[in-house]
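Chemist: Handing you a structure now.
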Amino acid sequence: MNKLKITYYATTAIISAMMLFIAFETLTKPEVKISMAHLGFPDYFRIELGIAKIIGAVLIWLPVRLLREAAYIGFAIMFASASLSHAAVGDPVGKVITGLVFLAILIVSYVCGAKLPKTNRD
């Protein structure tokens with residue numbers, strides 16, 4: 001397997017696994033409810049976000065380009081929005097940078113996936 005393919009599968013797996021883990025926390029941990037309120041979001045948004053993360057973690061692997069790219073777009077908006085939200089309420093720099101780091105991993109996954117021949121990804 002070449003480096004491009006390994007990078008694509010590794011970064012996509014990181015994003016997918018991370019989203020499933022965070023979705024579980026988003027839906028089950030009371031601390032996340034407090035954190036979302038701190039950011040100014042209503043509780044129902046926490047539930048929607050948790051479900052969207054699960055859906056996106058699945059869609060990012062599908063061979064249907066439209067669905068896969070919708071997941072990438074959704075995750076990109078989510079990571080950028082998370083960083084912006086944490087910055088807006090004055091949270092520590094670490095919380096702001098975390099979303100940007102995950103956004104960078106997502107971009108690497110997308111770029112590597114776009115460079116793979118269709119038979120290797122779809």
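Order determines the names: the first chain of the structure tokens is A, the second B, and so forth; residues in each chain are numbered 1 upward, and ligands are numbered 1 upward as they are shown.
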Would you mind listing, for every residue of region 58-111 of chain A within 10 Å of region 39-44 of chain A, the two atoms forming the shortest contact and the distance between them in Å to one decimal, using only C-alpha atoms, sorted by chain and ascending residue number, as a tab-separated table?
Modeler:
residue	atom	partner	partner_atom	distance
A:Ala82	CA	A:Leu39	CA	9.3
A:Ser85	CA	A:Leu39	CA	6.4
A:His86	CA	A:Leu39	CA	7.0
A:Ala87	CA	A:Leu39	CA	9.8
A:Ala88	CA	A:Leu39	CA	8.4
A:Val89	CA	A:Leu39	CA	6.6
A:Gly90	CA	A:Leu39	CA	9.8
A:Asp91	CA	A:Leu39	CA	9.4
Chemist: If you keep N, CA, C and O atoms, can you produce a file of those selected residues as a short mmCIF file (atom, residue, chain, number, x, y, z; two decimals), in the first residue's frame?
Modeler:
data_model
loop_
_atom_site.label_atom_id
_atom_site.label_comp_id
_atom_site.auth_asym_id
_atom_site.auth_seq_id
_atom_site.Cartn_x
_atom_site.Cartn_y
_atom_site.Cartn_z
N ALA A 82 -16.60 25.06 16.40
CA ALA A 82 -16.19 24.75 17.77
C ALA A 82 -15.06 25.67 18.20
O ALA A 82 -15.08 26.23 19.31
N SER A 85 -16.46 29.19 18.63
CA SER A 85 -17.30 29.29 19.84
C SER A 85 -16.45 29.38 21.10
O SER A 85 -16.72 30.19 21.98
N HIS A 86 -15.43 28.52 21.17
CA HIS A 86 -14.56 28.56 22.35
C HIS A 86 -13.80 29.87 22.43
O HIS A 86 -13.61 30.43 23.52
N ALA A 87 -13.36 30.40 21.30
CA ALA A 87 -12.67 31.68 21.29
C ALA A 87 -13.61 32.82 21.71
O ALA A 87 -13.21 33.72 22.45
N ALA A 88 -14.85 32.76 21.24
CA ALA A 88 -15.82 33.83 21.52
C ALA A 88 -16.16 33.95 23.00
O ALA A 88 -16.45 35.05 23.48
N VAL A 89 -16.14 32.83 23.73
CA VAL A 89 -16.46 32.89 25.16
C VAL A 89 -15.22 33.00 26.03
O VAL A 89 -15.30 32.97 27.25
N GLY A 90 -14.06 33.11 25.40
CA GLY A 90 -12.83 33.31 26.15
C GLY A 90 -12.24 32.06 26.78
O GLY A 90 -11.52 32.16 27.77
N ASP A 91 -12.54 30.92 26.22
CA ASP A 91 -11.96 29.67 26.73
C ASP A 91 -10.45 29.64 26.48
O ASP A 91 -9.95 30.38 25.64
#
Chemist: Taking only C-alpha atoms into account, which of A:Glu69, A:Glu25, A:Glu48, A:Glu31 comes nearest Ser109 (chain A)?
Modeler: A:Glu69
Chemist: Counting only C-alpha atoms, give me one row per residue of region 25-75 of chain A with an atom at most 10 Å from an atom of region 9-13 of chain A, showing the shortest contact pair and its distance in Å to one decimal, sorted by chain then residue number, as CSV.
Modeler:
residue,atom,partner,partner_atom,distance
A:Ala57,CA,A:Ala13,CA,9.0
A:Ile60,CA,A:Thr12,CA,7.6
A:Trp61,CA,A:Thr12,CA,8.0
Chemist: Which of these, A:Phe45, A:Ala114, A:Leu62, A:Phe79, has the shortest distance to Val101 (chain A) once you count only C-alpha atoms?
Modeler: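 Nearest to Val101 (chain A): A:Phe79.
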Chemist: What are the DSSP alpha helix (DSSP H) residues of chain A, as an MDAnalysis selection string?
Modeler: chainID A and resid 3:28 30:38 43:59 65:88 93:115 118:121
Chemist: Mind checking which residues fall within 9 Å of Val58 (chain A), counting only C-alpha atoms, ignoring those fewer than 3 positions away in the same chain, and posting them as a list in words?
Modeler: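 Result of the neighbour search: Ser16, Lys53, Ile54, Ile55, Trp61, Leu62, Arg68 and Ala71 of chain A.
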Chemist: Would you export the selected residues with N, CA, C and O atoms as an mmCIF file, in the first residue's frame, please?
Modeler:
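The new file result-v4.cif reads:
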data_model
loop_
_atom_site.group_PDB
_atom_site.id
_atom_site.type_symbol
_atom_site.label_atom_id
_atom_site.label_comp_id
_atom_site.auth_asym_id
_atom_site.auth_seq_id
_atom_site.Cartn_x
_atom_site.Cartn_y
_atom_site.Cartn_z
ATOM 1 N N SER A 16 -13.175 9.478 12.011
ATOM 2 C CA SER A 16 -14.361 8.667 12.241
ATOM 3 C C SER A 16 -14.420 8.155 13.686
ATOM 4 O O SER A 16 -15.452 8.267 14.357
ATOM 5 N N LYS A 53 -22.869 13.636 14.439
ATOM 6 C CA LYS A 53 -21.507 13.085 14.474
ATOM 7 C C LYS A 53 -21.506 11.599 14.141
ATOM 8 O O LYS A 53 -20.629 11.121 13.419
ATOM 9 N N ILE A 54 -22.486 10.871 14.651
ATOM 10 C CA ILE A 54 -22.589 9.437 14.347
ATOM 11 C C ILE A 54 -22.865 9.235 12.861
ATOM 12 O O ILE A 54 -22.224 8.412 12.202
ATOM 13 N N ILE A 55 -23.813 9.974 12.335
ATOM 14 C CA ILE A 55 -24.151 9.862 10.911
ATOM 15 C C ILE A 55 -22.937 10.198 10.051
ATOM 16 O O ILE A 55 -22.605 9.485 9.104
ATOM 17 N N TRP A 61 -17.194 7.156 5.120
ATOM 18 C CA TRP A 61 -16.632 5.921 4.539
ATOM 19 C C TRP A 61 -17.394 5.428 3.317
ATOM 20 O O TRP A 61 -16.921 4.519 2.623
ATOM 21 N N LEU A 62 -18.563 5.979 3.041
ATOM 22 C CA LEU A 62 -19.397 5.453 1.958
ATOM 23 C C LEU A 62 -18.818 5.781 0.582
ATOM 24 O O LEU A 62 -18.201 6.816 0.387
ATOM 25 N N ARG A 68 -20.418 11.325 1.129
ATOM 26 C CA ARG A 68 -19.090 11.427 1.744
ATOM 27 C C ARG A 68 -18.673 12.892 1.850
ATOM 28 O O ARG A 68 -18.191 13.344 2.891
ATOM 29 N N ALA A 71 -20.451 14.778 4.532
ATOM 30 C CA ALA A 71 -19.856 14.518 5.850
ATOM 31 C C ALA A 71 -18.613 15.381 6.056
ATOM 32 O O ALA A 71 -18.425 15.967 7.129
#
Chemist: Just how far from CA of Ile22 (chain A) is CA of Ile47 (chain A), in Å to one decimal?
Modeler: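 The value is 11.9 Å.
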Chemist: Closest to Lys118 (chain A) among A:Lys5, A:Phe75, A:Ile51, A:Met18, using only C-alpha atoms?
Modeler: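 Using only C-alpha atoms, the shortest distance to Lys118 (chain A) belongs to A:Lys5.
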Chemist: May I ask for the distance between CA of Lys3 (chain A) and CA of Val111 (chain A), given in Å to one decimal place?
Modeler: 13.1 Å
Chemist: Give me, please, the distance in Å between CA of Ser81 (chain A) and CA of Ile34 (chain A), quoted to one decimal.
Modeler: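 That distance, rounded to one decimal, is 17.7 Å.
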Chemist: Do a neighbour search on Leu27 (chain A) at 8 Å with only C-alpha atoms, toss out local chain neighbours closer than 3 positions, and write the hits as a list in words.
Modeler: Ala23, Phe24, Arg46, Ile47 and Gly50 of chain A
Chemist: Would you put the residues from that selection into a file with N, CA and C atoms, as an mmCIF file, in the first residue's frame?
Modeler:
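Just written: selection.cif:
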data_model
loop_
_atom_site.group_PDB
_atom_site.id
_atom_site.type_symbol
_atom_site.label_atom_id
_atom_site.label_comp_id
_atom_site.auth_asym_id
_atom_site.auth_seq_id
_atom_site.Cartn_x
_atom_site.Cartn_y
_atom_site.Cartn_z
ATOM 1 N N ALA A 23 -19.315 11.681 20.003
ATOM 2 C CA ALA A 23 -20.777 11.589 19.924
ATOM 3 C C ALA A 23 -21.326 10.871 21.153
ATOM 4 N N PHE A 24 -20.657 9.794 21.550
ATOM 5 C CA PHE A 24 -21.080 9.060 22.752
ATOM 6 C C PHE A 24 -21.027 9.984 23.967
ATOM 7 N N ARG A 46 -27.254 19.917 21.494
ATOM 8 C CA ARG A 46 -26.303 18.876 21.907
ATOM 9 C C ARG A 46 -26.742 17.518 21.363
ATOM 10 N N ILE A 47 -28.016 17.224 21.467
ATOM 11 C CA ILE A 47 -28.554 15.947 20.966
ATOM 12 C C ILE A 47 -28.413 15.876 19.442
ATOM 13 N N GLY A 50 -24.761 15.336 18.529
ATOM 14 C CA GLY A 50 -24.327 13.964 18.783
ATOM 15 C C GLY A 50 -24.784 13.007 17.699
#
Chemist: Quick one: residues within 9 Å of Tyr72 (chain A), only C-alpha atoms counted, chain neighbours fewer than 5 positions away excluded, as a ChimeraX atom specification?
Modeler: /A:56,59-60,67,77,106-107,110
